[in-house]
$ cat data_3.cif   # mmCIF, C-alpha atoms
data_protein
loop_
_atom_site.label_atom_id
_atom_site.label_comp_id
_atom_site.auth_asym_id
_atom_site.auth_seq_id
_atom_site.Cartn_x
_atom_site.Cartn_y
_atom_site.Cartn_z
CA GLY Y 10 -4.31 16.88 -36.74
CA ALA Y 11 -5.56 13.36 -37.20
CA VAL Y 12 -9.06 12.91 -38.57
CA VAL Y 13 -11.17 10.26 -36.90
CA SER Y 14 -14.55 9.28 -38.26
CA GLN Y 15 -16.95 7.42 -36.00
CA HIS Y 16 -20.26 5.96 -37.13
CA PRO Y 17 -23.08 5.90 -36.42
CA SER Y 18 -23.45 9.10 -34.44
CA TRP Y 19 -26.55 7.75 -32.79
CA VAL Y 20 -28.41 4.46 -32.79
CA ILE Y 21 -31.51 3.05 -31.15
CA CYS Y 22 -31.80 -0.70 -30.85
CA LYS Y 23 -34.01 -3.24 -29.16
CA SER Y 24 -32.90 -5.23 -26.16
CA GLY Y 25 -31.14 -8.39 -27.15
CA THR Y 26 -29.84 -7.15 -30.46
CA SER Y 27 -26.28 -6.25 -31.36
CA VAL Y 28 -24.90 -2.93 -32.50
CA LYS Y 29 -21.62 -2.26 -34.29
CA ILE Y 30 -19.79 1.03 -33.97
CA GLU Y 31 -17.05 1.86 -36.44
CA CYS Y 32 -14.10 4.11 -35.94
CA ARG Y 33 -11.96 5.01 -38.93
CA SER Y 34 -8.74 6.93 -39.08
CA LEU Y 35 -8.89 8.84 -42.33
CA ASP Y 36 -5.44 10.31 -42.78
CA PHE Y 37 -3.16 8.19 -40.66
CA GLN Y 38 -2.63 4.66 -39.46
CA ALA Y 39 -3.69 3.82 -35.94
CA THR Y 40 -2.03 0.77 -34.48
CA THR Y 41 -3.84 1.37 -31.21
CA MET Y 42 -7.37 2.56 -30.55
CA PHE Y 43 -8.89 3.46 -27.20
CA TRP Y 44 -12.61 2.94 -26.62
CA TYR Y 45 -14.36 4.98 -23.98
CA ARG Y 46 -17.83 5.03 -22.50
CA GLN Y 47 -19.41 8.11 -21.00
CA PHE Y 48 -22.58 8.23 -18.94
CA PRO Y 49 -24.48 11.51 -18.60
CA LYS Y 50 -22.68 14.14 -16.55
CA GLN Y 51 -19.74 11.82 -16.00
CA SER Y 52 -16.23 11.57 -17.30
CA LEU Y 53 -14.89 9.30 -20.01
CA MET Y 54 -14.12 5.83 -18.77
CA LEU Y 55 -11.69 3.67 -20.69
CA MET Y 56 -13.30 0.40 -21.68
CA ALA Y 57 -10.65 -1.25 -23.76
CA THR Y 58 -7.59 -0.78 -25.89
CA SER Y 59 -7.48 -2.40 -29.29
CA ASN Y 60 -4.29 -3.18 -31.14
CA GLU Y 61 -4.15 -3.92 -34.83
CA GLY Y 62 -3.83 -7.61 -35.47
CA SER Y 63 -4.09 -8.73 -31.86
CA LYS Y 64 -6.64 -9.16 -29.11
CA ALA Y 65 -7.97 -6.14 -27.31
CA THR Y 66 -7.12 -5.40 -23.71
CA TYR Y 67 -10.14 -4.76 -21.52
CA GLU Y 68 -10.32 -2.70 -18.37
CA GLN Y 69 -11.43 -4.29 -15.16
CA GLY Y 70 -15.17 -4.78 -15.01
CA VAL Y 71 -15.72 -4.60 -18.77
CA GLU Y 72 -17.14 -7.81 -20.22
CA LYS Y 73 -15.06 -8.79 -23.21
CA ASP Y 74 -17.75 -11.15 -24.50
CA LYS Y 75 -20.29 -8.37 -24.46
CA PHE Y 76 -18.16 -5.64 -25.96
CA LEU Y 77 -16.40 -7.19 -28.92
CA ILE Y 78 -13.57 -5.17 -30.33
CA ASN Y 79 -11.98 -5.83 -33.68
CA HIS Y 80 -9.00 -3.98 -35.06
CA ALA Y 81 -8.39 -5.79 -38.30
CA SER Y 82 -6.67 -2.97 -40.14
CA LEU Y 83 -4.67 0.13 -39.37
CA THR Y 84 -7.55 2.36 -40.37
CA LEU Y 85 -10.55 0.62 -38.85
CA SER Y 86 -11.49 -0.45 -35.36
CA THR Y 87 -14.97 -1.63 -34.42
CA LEU Y 88 -16.85 -2.05 -31.17
CA THR Y 89 -19.82 -4.40 -31.18
CA VAL Y 90 -22.22 -4.33 -28.27
CA THR Y 91 -23.74 -7.79 -28.21
CA SER Y 92 -27.10 -8.66 -26.70
CA ALA Y 93 -27.60 -5.06 -25.74
CA HIS Y 94 -29.57 -4.13 -22.62
CA PRO Y 95 -30.94 -0.77 -21.50
CA GLU Y 96 -28.05 -0.38 -19.05
CA ASP Y 97 -25.69 -0.38 -22.05
CA SER Y 98 -27.25 2.88 -23.18
CA SER Y 99 -24.42 5.35 -23.15
CA PHE Y 100 -22.13 7.51 -25.24
CA TYR Y 101 -19.22 5.62 -26.79
CA ILE Y 102 -16.11 7.40 -28.10
CA CYS Y 103 -13.04 6.14 -29.87
CA SER Y 104 -9.62 7.73 -29.79
CA PRO Y 105 -6.52 6.61 -31.67
CA LYS Y 106 -3.06 6.51 -30.24
CA VAL Y 107 -0.88 8.47 -32.58
CA GLY Y 108 2.82 8.21 -32.10
CA LYS Y 109 4.51 7.38 -28.85
CA ARG Y 110 1.86 8.77 -26.57
CA ALA Y 111 -1.89 8.97 -26.50
CA GLU Y 112 -2.83 11.97 -28.55
CA ALA Y 113 -5.62 14.39 -28.61
CA PHE Y 114 -7.97 13.06 -31.26
CA PHE Y 115 -11.44 11.67 -30.76
CA GLY Y 116 -14.23 10.35 -32.89
CA GLN Y 117 -17.51 12.22 -32.85
CA GLY Y 118 -19.00 9.66 -30.51
CA THR Y 119 -21.96 7.32 -30.75
CA ARG Y 120 -25.04 7.76 -28.62
CA LEU Y 121 -26.52 4.31 -28.04
CA THR Y 122 -30.03 3.92 -26.72
CA VAL Y 123 -31.31 0.44 -25.98
CA VAL Y 124 -35.07 0.13 -25.64
CA ALA R 21 -1.19 5.29 -10.32
CA GLN R 22 -2.05 8.32 -12.37
CA THR R 23 -5.05 10.30 -11.21
CA VAL R 24 -6.59 13.57 -12.30
CA THR R 25 -8.72 15.62 -9.93
CA GLN R 26 -11.07 18.45 -10.75
CA SER R 27 -12.48 19.81 -7.51
CA GLN R 28 -15.06 22.13 -9.08
CA PRO R 29 -18.02 20.20 -10.49
CA GLU R 30 -19.72 23.44 -11.53
CA MET R 31 -18.56 26.96 -12.21
CA SER R 32 -20.21 30.06 -13.59
CA VAL R 33 -18.85 33.24 -15.06
CA GLN R 34 -20.30 36.47 -16.32
CA GLU R 35 -19.90 37.07 -20.02
CA ALA R 36 -16.66 38.96 -20.78
CA GLU R 37 -15.21 38.09 -17.38
CA THR R 38 -12.40 35.70 -16.52
CA VAL R 39 -12.74 32.29 -14.93
CA THR R 40 -10.18 29.74 -13.75
CA LEU R 41 -10.81 26.01 -13.67
CA SER R 42 -8.66 23.91 -11.36
CA CYS R 43 -6.97 20.60 -11.97
CA THR R 44 -4.45 18.58 -10.03
CA TYR R 45 -2.87 15.31 -11.02
CA ASP R 46 -0.66 12.67 -9.60
CA THR R 47 2.06 10.82 -11.46
CA SER R 48 5.51 9.42 -10.97
CA GLU R 49 6.48 10.07 -14.58
CA SER R 50 8.65 12.99 -15.57
CA ASP R 51 7.65 13.28 -19.20
CA TYR R 52 3.97 13.56 -19.99
CA TYR R 53 1.34 15.79 -21.52
CA LEU R 54 -1.58 17.60 -20.00
CA PHE R 55 -4.70 18.71 -21.80
CA TRP R 56 -7.89 20.63 -21.34
CA TYR R 57 -10.83 19.46 -23.38
CA LYS R 58 -14.16 21.10 -23.95
CA GLN R 59 -17.26 18.99 -24.42
CA PRO R 60 -20.27 20.98 -25.60
CA PRO R 61 -23.80 19.53 -25.70
CA SER R 62 -22.93 17.79 -28.97
CA ARG R 63 -20.48 15.76 -26.85
CA GLN R 64 -17.70 16.05 -29.39
CA MET R 65 -14.44 16.31 -27.49
CA ILE R 66 -12.65 19.48 -28.52
CA LEU R 67 -9.04 20.12 -27.61
CA VAL R 68 -8.69 23.49 -25.91
CA ILE R 69 -5.05 23.54 -24.93
CA ARG R 70 -2.10 21.25 -24.46
CA GLN R 71 0.96 21.46 -22.23
CA GLU R 72 4.11 19.38 -22.47
CA ALA R 73 5.51 18.67 -19.03
CA TYR R 74 9.11 19.35 -19.98
CA LYS R 75 8.24 22.86 -21.11
CA GLN R 76 8.25 25.40 -18.32
CA GLN R 77 6.45 28.04 -20.33
CA ASN R 78 2.70 28.04 -19.85
CA ALA R 79 0.72 27.25 -22.98
CA THR R 80 -1.66 29.83 -24.38
CA GLU R 81 -4.28 29.66 -27.11
CA ASN R 82 -6.01 32.97 -27.73
CA ARG R 83 -8.31 33.52 -24.75
CA PHE R 84 -7.25 30.29 -23.07
CA SER R 85 -4.14 29.93 -20.98
CA VAL R 86 -2.86 27.54 -18.36
CA ASN R 87 -0.97 27.87 -15.13
CA PHE R 88 1.25 24.80 -15.03
CA GLN R 89 2.95 24.16 -11.72
CA LYS R 90 4.89 20.94 -12.19
CA ALA R 91 6.19 20.61 -8.67
CA ALA R 92 2.72 21.10 -7.26
CA LYS R 93 1.19 18.94 -10.01
CA SER R 94 -1.31 21.61 -10.76
CA PHE R 95 -2.70 22.55 -14.17
CA SER R 96 -5.39 25.22 -14.12
CA LEU R 97 -7.17 26.71 -17.12
CA LYS R 98 -7.91 30.40 -17.37
CA ILE R 99 -10.56 31.59 -19.79
CA SER R 100 -10.43 35.31 -20.46
CA ASP R 101 -13.21 37.41 -21.95
CA SER R 102 -15.68 34.55 -21.51
CA GLN R 103 -18.17 34.06 -24.30
CA LEU R 104 -21.52 32.30 -24.38
CA GLY R 105 -19.99 29.66 -26.61
CA ASP R 106 -17.56 28.72 -23.87
CA ALA R 107 -20.37 27.10 -21.89
CA ALA R 108 -19.59 23.38 -21.79
CA MET R 109 -18.09 20.60 -19.74
CA TYR R 110 -14.36 20.95 -19.37
CA PHE R 111 -12.15 17.97 -18.74
CA CYS R 112 -8.57 18.05 -17.60
CA ALA R 113 -6.56 15.09 -18.88
CA TYR R 114 -3.15 13.58 -18.34
CA THR R 115 -1.50 11.30 -20.84
CA GLY R 116 1.28 8.82 -20.62
CA ASN R 117 0.49 5.71 -22.60
CA GLN R 118 -3.22 6.39 -22.27
CA PHE R 119 -5.47 9.20 -21.21
CA TYR R 120 -6.62 9.77 -17.66
CA PHE R 121 -9.51 12.20 -17.40
CA GLY R 122 -10.73 14.30 -14.54
CA THR R 123 -14.37 14.22 -13.53
CA GLY R 124 -15.12 17.44 -15.35
CA THR R 125 -16.28 20.97 -14.58
CA SER R 126 -19.54 22.25 -15.98
CA LEU R 127 -19.09 25.88 -16.97
CA THR R 128 -22.06 28.20 -17.29
CA VAL R 129 -21.65 31.58 -18.93
CA ILE R 130 -24.14 34.18 -17.75
CA PRO R 131 -25.15 36.81 -20.32
#

$ encode --input "data_3.cif" --output "structure tokens"
Amino acid sequence: GAVVSQHPSWVICKSGTSVKIECRSLDFQATTMFWYRQFPKQSLMLMATSNEGSKATYEQGVEKDKFLINHASLTLSTLTVTSAHPEDSSFYICSPKVGKRAEAFFGQGTRLTVV
Amino acid sequence: AQTVTQSQPEMSVQEAETVTLSCTYDTSESDYYLFWYKQPPSRQMILVIRQEAYKQQNATENRFSVNFQKAAKSFSLKISDSQLGDAAMYFCAYTGNQFYFGTGTSLTVIP
């Protein structure tokens, strides 16, 4: 299966600062990457879909200026949480689209805590 | 719109016994995939089992098997000989062009 490496696995930052989360596909090329957010005891909620070389598509209610997504290459997609606030504290997971349909591979996730 | 429903927020099972987790979904597509994922406390999403909608035969993976009823849009997961390591959140998921996840079932395994 596809290997997806997500870093950092956890991060603590101060309110008002920005945090970048990287998601790398190690043994394949991902033209599309899904970014999810998961609050405790809840399901994964799709935040946005990034496509290599083009602008990301954001789900309703997700602020595109706050959650900056860059997909500059076929092996790297990044999510930057800008001007983070405590309510942004969550678990963020990336998942590449492999082939025609969304496949079953996920990064290890990033636990973000904003203090 | 595609939706995935897990009606059991919590389930428990005695070690070595069998438990079945329920999942229903709604879609107008004819070709899709269904998955069960396990999410342990580490929160890494682990694929448990996958079913292709065009295949009538139920998927099995060791102690894990599914009961796929396409007409009823039902996709339940059976865990046989439950082990302590099976304790986790379980998510049912449907995929077309993107994933749609259920709300999850928290499984407790009682020693």

$ closest_atom_pairs --input "data_3.cif" --of "chain R" --to "chain Y" --cutoff "12 Å" --atoms "all atoms listed in the file" --output "tab-separated table"
residue	atom	partner	partner_atom	distance
R:Val24	CA	Y:Ser52	CA	11.0
R:Thr25	CA	Y:Ser52	CA	11.3
R:Gln26	CA	Y:Ser52	CA	10.8
R:Pro29	CA	Y:Lys50	CA	9.8
R:Glu30	CA	Y:Lys50	CA	11.0
R:Asp51	CA	Y:Arg110	CA	10.4
R:Tyr52	CA	Y:Arg110	CA	8.4
R:Tyr53	CA	Y:Arg110	CA	8.7
R:Leu54	CA	Y:Ala113	CA	10.0
R:Phe55	CA	Y:Ala113	CA	8.1
R:Trp56	CA	Y:Ala113	CA	9.8
R:Tyr57	CA	Y:Ala113	CA	9.0
R:Lys58	CA	Y:Ser52	CA	11.8
R:Gln59	CA	Y:Ser52	CA	10.3
R:Pro60	CA	Y:Lys50	CA	11.6
R:Pro61	CA	Y:Lys50	CA	10.7
R:Ser62	CA	Y:Gln117	CA	8.7
R:Arg63	CA	Y:Gly118	CA	7.3
R:Gln64	CA	Y:Gln117	CA	5.2
R:Met65	CA	Y:Phe115	CA	6.4
R:Ile66	CA	Y:Phe115	CA	8.2
R:Leu67	CA	Y:Ala113	CA	6.7
R:Val68	CA	Y:Ala113	CA	10.0
R:Ile69	CA	Y:Ala113	CA	9.9
R:Arg70	CA	Y:Ala113	CA	8.8
R:Gln71	CA	Y:Ala113	CA	11.6
R:Glu72	CA	Y:Arg110	CA	11.6
R:Ala108	CA	Y:Lys50	CA	11.1
R:Met109	CA	Y:Lys50	CA	8.5
R:Tyr110	CA	Y:Ser52	CA	9.8
R:Phe111	CA	Y:Ser52	CA	7.7
R:Cys112	CA	Y:Ser52	CA	10.0
R:Ala113	CA	Y:Ala113	CA	9.8
R:Tyr114	CA	Y:Ala111	CA	9.5
R:Thr115	CA	Y:Ala111	CA	6.1
R:Gly116	CA	Y:Arg110	CA	6.0
R:Asn117	CA	Y:Arg110	CA	5.2
R:Gln118	CA	Y:Ala111	CA	5.1
R:Phe119	CA	Y:Ala111	CA	6.4
R:Tyr120	CA	Y:Leu55	CA	8.5
R:Phe121	CA	Y:Leu53	CA	6.6
R:Gly122	CA	Y:Ser52	CA	6.7
R:Thr123	CA	Y:Ser52	CA	5.0
R:Gly124	CA	Y:Ser52	CA	6.3
R:Thr125	CA	Y:Lys50	CA	9.6
R:Ser126	CA	Y:Lys50	CA	8.7

$ closest_residue --input "data_3.cif" --among "R:Ala107, R:Lys90, R:Tyr74, R:Asn82" --to "Cys43 in chain R" --atoms "only C-alpha atoms"
R:Lys90

$ atom_distance --input "data_3.cif" --atom1 "CA of Ser48 in chain R" --atom2 "CA of Val107 in chain Y"
22.6 Å

$ closest_residue --input "data_3.cif" --among "R:Ala92, R:Leu97, R:Ala79, R:Val33" --to "Tyr45 in chain R" --atoms "all atoms listed in the file"
R:Ala92

$ atom_distance --input "data_3.cif" --atom1 "CA of Thr80 in chain R" --atom2 "CA of Val13 in chain Y"
25.1 Å

$ residues_around --input "data_3.cif" --residues "range 87-92 of chain Y" --least-positions-apart "5" --cutoff "10 Å" --atoms "all atoms listed in the file" --output "NGL selection string"
:Y and (15-16 or 23-33 or 42 or 44 or 57 or 59 or 73-81 or 97 or 101-103 or 121)

$ atom_distance --input "data_3.cif" --atom1 "CA of Arg46 in chain Y" --atom2 "CA of Val71 in chain Y"
10.5 Å

$ resolve_selection --input "data_3.cif" --expression "the PyMOL selection byres ((chain Y and resi 84) around 9)" --output "ChimeraX atom specification"
/Y:32-40,80-83,85-86

$ closest_residue --input "data_3.cif" --among "Y:Ser14, Y:Asn60, Y:Gln69, Y:Ser99" --to "Tyr45 in chain Y" --atoms "all atoms listed in the file"
Y:Ser99
